[in-house]
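Comments concern the structure below.
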Number of protein chains: 2
Amino acid sequence: MISIKNFSQLTNHLKSCPQRKRVAVVCPYDIHSEYAILRALEEELASFVLIGQAKILNHFSLLKKYPGLIKIIPVDNSDDAACEGVRLGREGKVDILMKGVINTDNLLHAVLDKERGLLPKGRLLTHLAVMQIPSYDKLLFFSDAAVIPSPTLKQRVEMIGYAIRACHKFGIEQPRISLIHCTEKVSAKFPHSLDYVNIVELAEAGEFGNVIIDGPLDVLSSCDKESAEIKGISSPINGQADVLIFPNLESGNTFYKAMTLFAGAEMGGLLQGPDIPVVVTSRSDSGLTKYYSLAMGCLISDKS
Amino acid sequence: MISIKNFSQLTNHLKSCPQRKRVAVVCPYDIHSEYAILRALEEELASFVLIGQAKILNHFSLLKKYPGLIKIIPVDNSDDAACEGVRLGREGKVDILMKGVINTDNLLHAVLDKERGLLPKGRLLTHLAVMQIPSYDKLLFFSDAAVIPSPTLKQRVEMIGYAIRACHKFGIEQPRISLIHCTEKVSAKFPHSLDYVNIVELAEAGEFGNVIIDGPLDVLSSCDKESAEIKGISSPINGQADVLIFPNLESGNTFYKAMTLFAGAEMGGLLQGPDIPVVVTSRSDSGLTKYYSLAMGCLISDKS
């Protein structure tokens with residue numbers, strides 16, 4: 001089984017996969033989308049369907065260099081582009097959907113359309129990110145930095161399910177999942193800490209398969225063995241979390257942005273729930289983040 | 001006016017102050033308290049009253065080296081130590097109260113005692129931290145990482161007031177205060193973002209004096225000019241926040257711990273609200289954090 005501990009290993013693994021993934025990009029007019037597309041072409045990870053205004057896309061600089069690997073679908077506006085991308089996904093013609101220059105809300109409108117969208121009824125839409133941190137010796141997954149303000153217990157359980165499936169794709173046989181709070185104490189003042197008790201019980205009952213789940217724990221105790229020891233915390237996570245489940249959107253988002261800006265973290269992220277992974281990086285994310293998100297999507301959508 | 005941009009400038013400034021601050025330490029039995037005390041003695045910032053069990057404190061290694069600067073008050077147990085420390089504060093005999101090996105809850109019990117405590121009636125207890133980050137060219141204050149789960153509008157206003165007073169002590173004439181959220185959009189789904197609108201209005205009406213307050217903004221737009229520009233955000237914060245006000249405890253605490261572990265940030269922090277600053281670093285904080293917290297307390301309690 002592969003075991004992927006950083007983004008370089010991720011792309012090396014993807015290069016060794018026999019089949020390129022097929023990616024639809026909605027309105028790829030920005031430099032970051034172009035960077036991600038170029039790198040994925042160079043590294044032979046993917047082929048592309050670019051959906052957008054013909055007058056812009058016909059000048060796309062990579063068209064001549066990779067003629068067989070880029071297809072263009074002209075549409076009049078970004079909403080049509082979103083619908084077209086979603087249609088390709090629903091019909092199994094692409095493996096990944098990626099956002100270019102379109103508001104996330106507009107893209108999601110198409111993704112979430114009840115009849116013609118990509119999210120099966122009753123399935124949760126959430127965001128899963130993965131981070132490569134200079135001072136951490138493996139990748140760190142976390143959820144949710146982008147979609148659900150304050151998850152219910154049921155939603156937390158689903159978020160954990162997505163994270164576990166992603167971990168398996170990355171070759172982590174027994175993911176260590178830390179349920180984040182400010183301290184290790186359960187308190188009715190913080191309803192999510194009560195949810196955590198239920199989740200740990202579910203895990204102990206085997207509900208999540210071969211995983212280690214513990215919490216409430218803070219970020220330090222989750223990712224630093226020494227901090228946990230000093231605080232006298234005995235947790236099976238052992239300061240080596242693979243996944244952090246944040247209590248709410250504000251804390252997940254703060255983690256994402258603080259780590260990007262101040263900790264030199266490289267990032268990838270995907271919407272989970274739709275039938276195919278959807279890359280919805282924000283305008284302030286780098287081209288590299290878009291590329292890593294795409295690579296993450298390639299691995300997670302891989303059926304081989 | 002002094003202008004302090006890092007911890008080295010902070011201690012240099014304090015060395016130049018004519019009067020040592022007087023610090024009561026409750027149960028200073030741990031190596032981190034000892035480090036903070038030793039450094040503050042060496043750098044001539046403070047004198048100390050150590051409160052705790054005689055059999056432990058009489059062997060305190062620094063007693064002989066700094067005989068005139070350390071006084072010992074023997075008590076039977078940690079609760080008595082807390083009460084004694086609080087009494088000294090209330091009677092104006094010490095300028096700062098510092099926690100050693102005692103549960104924060106137990107120390108707070110004495111601090112918050114309605115008749116014999118340190119918090120005047122109606123005043124908010126909150127936590128204010130200050131961070132030195134390798135990749136940021138000034139100190140960054142933030143609140144609240146430790147006390148208030150989900151502040152009300154009134155509490156947010158008080159938190160901002162404390163932060164402004166601290167900034168003034170650090171020589172920041174016009175503090176830039178960023179109200180943190182996941183995006184720059186106001187939404188009823190996130191009640192704190194509605195509070196932010198009120199706070200910005202109060203600031204514009206001059207309620208906070210000479211400050212720049214803006215929000216909702218995320219951590220990136222608050223602290224990185226380029227990110228704000230890419231997102232097309234025009235904010236008077238201009239990517240140069242001095243203070244981040246977090247929407248809730250979970251996000252403030254996540255920031256504190258992620259920055260400590262992954263971004264090489266040095267940290268100081270104090271309880272605000274009591275008549276004298278109270279240092280309540282956690283067990284997993286370093287001796288250096290305790291020392292910087294003490295230094296922050298020395299500056300904030302300075303009346304000169």
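Letters A, B, ... mark the chains of the structure tokens in the order given; residue numbers begin at 1 per chain; ligand numbers begin at 1, in order shown.
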
Polymer residues at most 6 Å from stretch 288-294 of chain A, only C-alpha atoms, same-chain spacing of 3 or more positions, as a compact mmCIF listing (two decimals) with N, CA and C atoms, in the first residue's frame:
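Printed below is around_18.txt as written:
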```
# COMPACT_ATOMS: atom_id res chain seq x y z
N ALA A 36 -2.02 25.76 -12.18
CA ALA A 36 -2.41 24.41 -11.75
C ALA A 36 -2.59 23.49 -12.97
N MET A 267 -0.99 23.88 1.08
CA MET A 267 -2.35 23.47 1.34
C MET A 267 -3.02 22.90 0.10
N GLY A 268 -3.88 21.93 0.32
CA GLY A 268 -4.81 21.50 -0.70
C GLY A 268 -6.17 21.35 -0.05
N GLY A 269 -7.24 21.44 -0.86
CA GLY A 269 -8.55 21.29 -0.23
C GLY A 269 -9.62 20.96 -1.25
N GLY A 297 -7.50 15.84 -5.39
CA GLY A 297 -8.69 15.35 -6.08
C GLY A 297 -8.38 14.15 -6.96
```

* Excluding same-chain residues fewer than 6 positions from B:His13, what lies within 9 Å of it counting only C-alpha atoms, as a PyMOL selection string? -> chain B and resi 2+4+299

Go ahead and save the picked residues with C-alpha atoms, as a short mmCIF file (atom, residue, chain, number, x, y, z; two decimals), in the first residue's frame.
```
data_model
loop_
_atom_site.label_atom_id
_atom_site.label_comp_id
_atom_site.auth_asym_id
_atom_site.auth_seq_id
_atom_site.Cartn_x
_atom_site.Cartn_y
_atom_site.Cartn_z
CA ILE B 2 8.20 54.42 23.13
CA ILE B 4 7.72 48.45 21.02
CA LEU B 299 4.58 47.26 31.03
#
```

* To do: Considering only C-alpha atoms, state which residue in the set A:Glu201, A:Glu44, A:Glu34, A:Glu226 is at the smallest distance from chain B.
  => A:Glu226

Within 7 Å of chain B, which residues of chain A show up? Give each one with its shortest atom-to-atom distance in Å (one decimal) and the two atoms involved, counting only C-alpha atoms, rows by chain then rising residue number, as a tab-separated table.
```
residue	atom	partner	partner_atom	distance
A:Ser135	CA	B:Phe262	CA	6.5
A:His181	CA	B:Glu250	CA	6.5
A:Cys182	CA	B:Asn253	CA	5.8
A:Val219	CA	B:Lys257	CA	5.9
A:Leu220	CA	B:Lys257	CA	5.8
A:Ser227	CA	B:Ser284	CA	5.3
A:Ile230	CA	B:Ser284	CA	5.8
A:Lys231	CA	B:Arg283	CA	5.8
A:Glu250	CA	B:Ser251	CA	5.7
A:Ser251	CA	B:Ser251	CA	3.9
A:Asn253	CA	B:Cys182	CA	5.8
A:Thr254	CA	B:Ser251	CA	6.2
A:Phe255	CA	B:Phe255	CA	6.5
A:Lys257	CA	B:Leu220	CA	5.8
A:Ala258	CA	B:Val219	CA	6.3
A:Leu261	CA	B:Leu220	CA	6.6
A:Phe262	CA	B:Ala263	CA	5.6
A:Ala263	CA	B:Ala263	CA	4.2
A:Arg283	CA	B:Lys231	CA	5.8
A:Ser284	CA	B:Ser227	CA	5.4
```

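Residue-level DSSP output for stretch 15-75 of chain A, from the backbone, shows alpha helix (DSSP H) at Lys15, Ile31, His32, Ser33, Glu34, Tyr35, Ala36, Ile37, Leu38, Arg39, Ala40, Leu41, Glu42, Ala54, Lys55, Ile56 and Leu57 of chain A.
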